[in-house]
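Undergrad: The structure that follows is given in the form of structure tokens.
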Amino acid sequence: MEQFFQQLTNGLAVGGIYALIALGYTMVYGVMKLINFAHGDLFTLGAYLGLTLLTSMALTDRIGAFSGVLILAMMVMALTGLVGIILERAAYRPLRESPRLSAVVSALGASIFLQNTVMLIYGAKFHFYPQDILPKMAIPLFGMPVPLMRIIILLTSLVMMAALYLFIQKTQVGTAIRAAAIDQGAARLMGIDVDKVIMLVFLIGPALGGAAGLMVGLYYGHINFTMGWIYGMKAFTAAILGGIGNIPGAMVGGLVLGVIEALGAAYISIAWKDAIAFCVLILILMIRPTGLLGERVAEKV
Amino acid sequence: MKDKRLIYGILSGVAAVLLHLLLTVYAVDFETQTGIFALLCLSLILMEGHADYFRLGHTVGYGIFIALLITSPLFLNRYWVDVLNNVGLYALLGLSLNIILGNAGLFNMGHAAFYAVGSYTAAIVNTQYGIPVLWLIPAAGLTAGLFAAVVARPIIHLRGDYLLIVTIGFVEIIRIALVNNVFGITGGANGIFGIARPELFGHKIHRPHEFFYLIWFFVAVTAVLFYRLEQSRFGRALNFLREDEVAAQGSGIDTAHYKLMAFVLGATWAGMAGVLYSAKMTIISPESFSFWESVLVFLIVILGGSGSIPGAILGAFLIVGLPEIFRGFANARMLVFGAAMMLMMIFRTQGILPSRARRFQTD
């Protein structure tokens with residue numbers, strides 16, 4: 001029971017991270033029908049920017065651990081969001097009208113480019129986050145100790161997701177994003193500036209991804225320039241699991257995937273951990289191709 | 001007219017080889033020469049138009065290219081011949097993926113899985129039972145094809161990006177299975193070593209120069225066969241399917257069947273290429289069949305020109321050759337490569353040598 005509970009909370013924390021990254025995939029896919037392969041590398045970038053800012057500015061020493069990390073997260077989100085906007089301008093906007101496949105290849109190119117930029121700046125070794133930023137303590141929950149870090153990660157990701165959900169559902173800008181996702185042409189006719197919407201999507205998605213990168217750095221303590229690939233693939237799996245283009249779907253998919261993976265690694269085999277996620281994906285797509293929360297849409301002829 | 005063009009093509013090829021020899025004697029820098037010839041061939045082939053002299057240009061371009069390729073082991077050192085061997089293997093993979101991705105329009109980013117199945121089949125049977133590697137080509141191809149039939153059957157109806165992500169999943173699962181030494185026969189993370197050198201007519205093939213002819217012979221056979229296939233009823237059905245699946249279905253094409261056949265055929269070919277890889281390397285490990293390999297083959301098809309046979313071969317030259325040429329950039333070469341991919345898609349979306357629609361002569 002103890003082990004099950006620990007794995008469950010661990011899976012939820014990791015799942016929260018997956019969900020944050022998955023939101024970036026699913027929003028971009030919803031509006032542009034494009035798999036943004038570079039998204040995983042924006043996540044890596046977030047982790048590295050977080051490390052640089054953390055060590056160079058010593059915010060946590062000056063204004064306390066929690067507010068320091070909070071300000072740090074905001075700076076990381078702003079920077080990765082900015083890179084996301086630049087990426088969209090440079091690699092995707094010129095290909096808006098071209099076949100889907102060209103955009104996919106351009107996205108792969110962007111991914112290779114970003115990954116190697118990170119490698120050239122920081123080097124190919126593992127980098128380590130300082131260990132003493134947030135207090136290492138365990139909080140008793142249902143009589144079992146849970147590391148504080150897990151709770152913070154899960155709560156932060158839930159808060160961010162809730163904020164995003166309210167933003168998308170309740171505000172006018174959010175309505176514009178949903179409209180552009182349904183039909184860009186019609187949205188344009190209704191006076192929605194679709195270019196602005198896409199820019200916004202490329203600001204929010206990478207910002208959330210960057211925040212996830214910072215979380216991974218704080219949670220695991222070590223980062224590497226290639227980690228964006230595997231996190232990106234898992235997060236994309238999560239997005240599909242929940243039904244791609246569907247924002248609550250990405251959240252549910254991320255959490256479900258995180259838990260399945262953690263429990264699978266604990267009870268089946270740690271060596272097959274990465275394979276479990278993909279097996280789940282294949283099964284879901286075979287049984288329910290539109291994902292858990294996706295709606296079945298009739299094919300347009 | 002056609003015979004005349006052929007003769008011109010052969011003549012220009014011979015002339016190019018002689019010129020090459022002459023320049024080598026006068027010690028013109030080797031890289032410069034290769035660059036000049038490559039640019040010449042490419043510009044001749046790329047010239048578009050209906051007039052006869054354009055077509056003549058194409059023939060001359062291909063003639064020079066083929067002649068230089070055939071004679072290249074005579075000029076090149078071991079290292080560059082080995083690079084050309086890799087180009088040949090990737091060209092085979094590119095041609096086999098071209099059936100699936102280029103002709104049938106199925107986004108398959110898990111081609112390395114089939115390559116791995118073929119390669120491991122050959123390696124296991126060869127090391128366990130001592131059957132010569134080259135004899136295993138049909139068996140390994142069939143195994144890969146059968147594997148594709150089994151795994152592709154339930155997912156073939158998935159469209160576009162969903163298929164892409166599932167095939168990525170497959171290639172990762174295969175790699176993890178190989179690392180975890182599934183069934184205890186794949187040798188785990190170290191892989192399998194000690195695969196016997198191939199033998200042909202009692203002659204053991206081990207030098208890169210010998211492999212060069214073996215591999216490129218297969219590339220040539222494949223190119224000819226796939227060209228015939230493209231013109232056949234099967235090939236036309238695939239093209240129709242790619243252009244408009246609903247219309248194809250409406251015209252009585254069994255889309256699921258044709259998609260599956262394309263998958264199986266492509267996988268079979270990738271499996272056979274895998275045997276050549278095993279034979280060439282004599283040691284294989286799961287890292288050779290990572291997701292990244294699938295991406296490379298995918299890029300070969302797209303950059304060269306989706307659905308085009310010369311495009312796939314050119315793509316292999318670019319993807320395998322360019323990083324070698326960019327060696328001067330040292331660490332930044334992959335960065336340059338990524339940037340080149342983006343620029344390429346922005347400025348020549350359809351690939352370098354796009355497939356030309358069949359033209360029918362009216363005169």
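Please note that chains go A, B, ... in the order of the structure tokens, that every chain numbers its residues from 1, and that ligands are numbered from 1 in the order shown.
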Enumerate the residues of region 90-220 of chain B with a DSSP assignment of helix (DSSP H, G or I), computed from the backbone, and present them as a PyMOL selection string.

TA: chain B and resi 90-103+111-129+133-152+160-179+182-184+188-190+208-220

Undergrad: Enumerate the residues of region 83-231 of chain B with a DSSP assignment of strand (DSSP E), computed from the backbone, and present them as a PyMOL selection string.

TA: chain B and resi 192-193+199-200+203-204

Undergrad: Taking into account only C-alpha atoms, which residue in the set B:Pro286, B:Gly252, B:Gly187, B:Gly160 is nearest to chain A?

TA: B:Gly160

Undergrad: Quick check: residues of chain B within 8 Å of chain A, only C-alpha atoms, returned as an MDAnalysis selection string.

TA: chainID B and resid 154:155 158 161:162 165:166 169:170 172:173 176:177 180 246 299 302 331:332 334:343 345:346 349:350

Undergrad: Can you list, as a ChimeraX atom specification, every protein, DNA or RNA residue that comes within 8 Å of region 97-103 of chain B when you count only C-alpha atoms, leaving out same-chain residues fewer than 5 positions away?

TA: /B:108,111,235,238-239,242,259,262-263,265-267,270,297-298,301-302,306-309,312

Undergrad: Find the residues around region 246-258 of chain A up to 9 Å (only C-alpha atoms counted), leave out those fewer than 4 positions away in its own chain, and share them as a count of residues only.

TA: 41
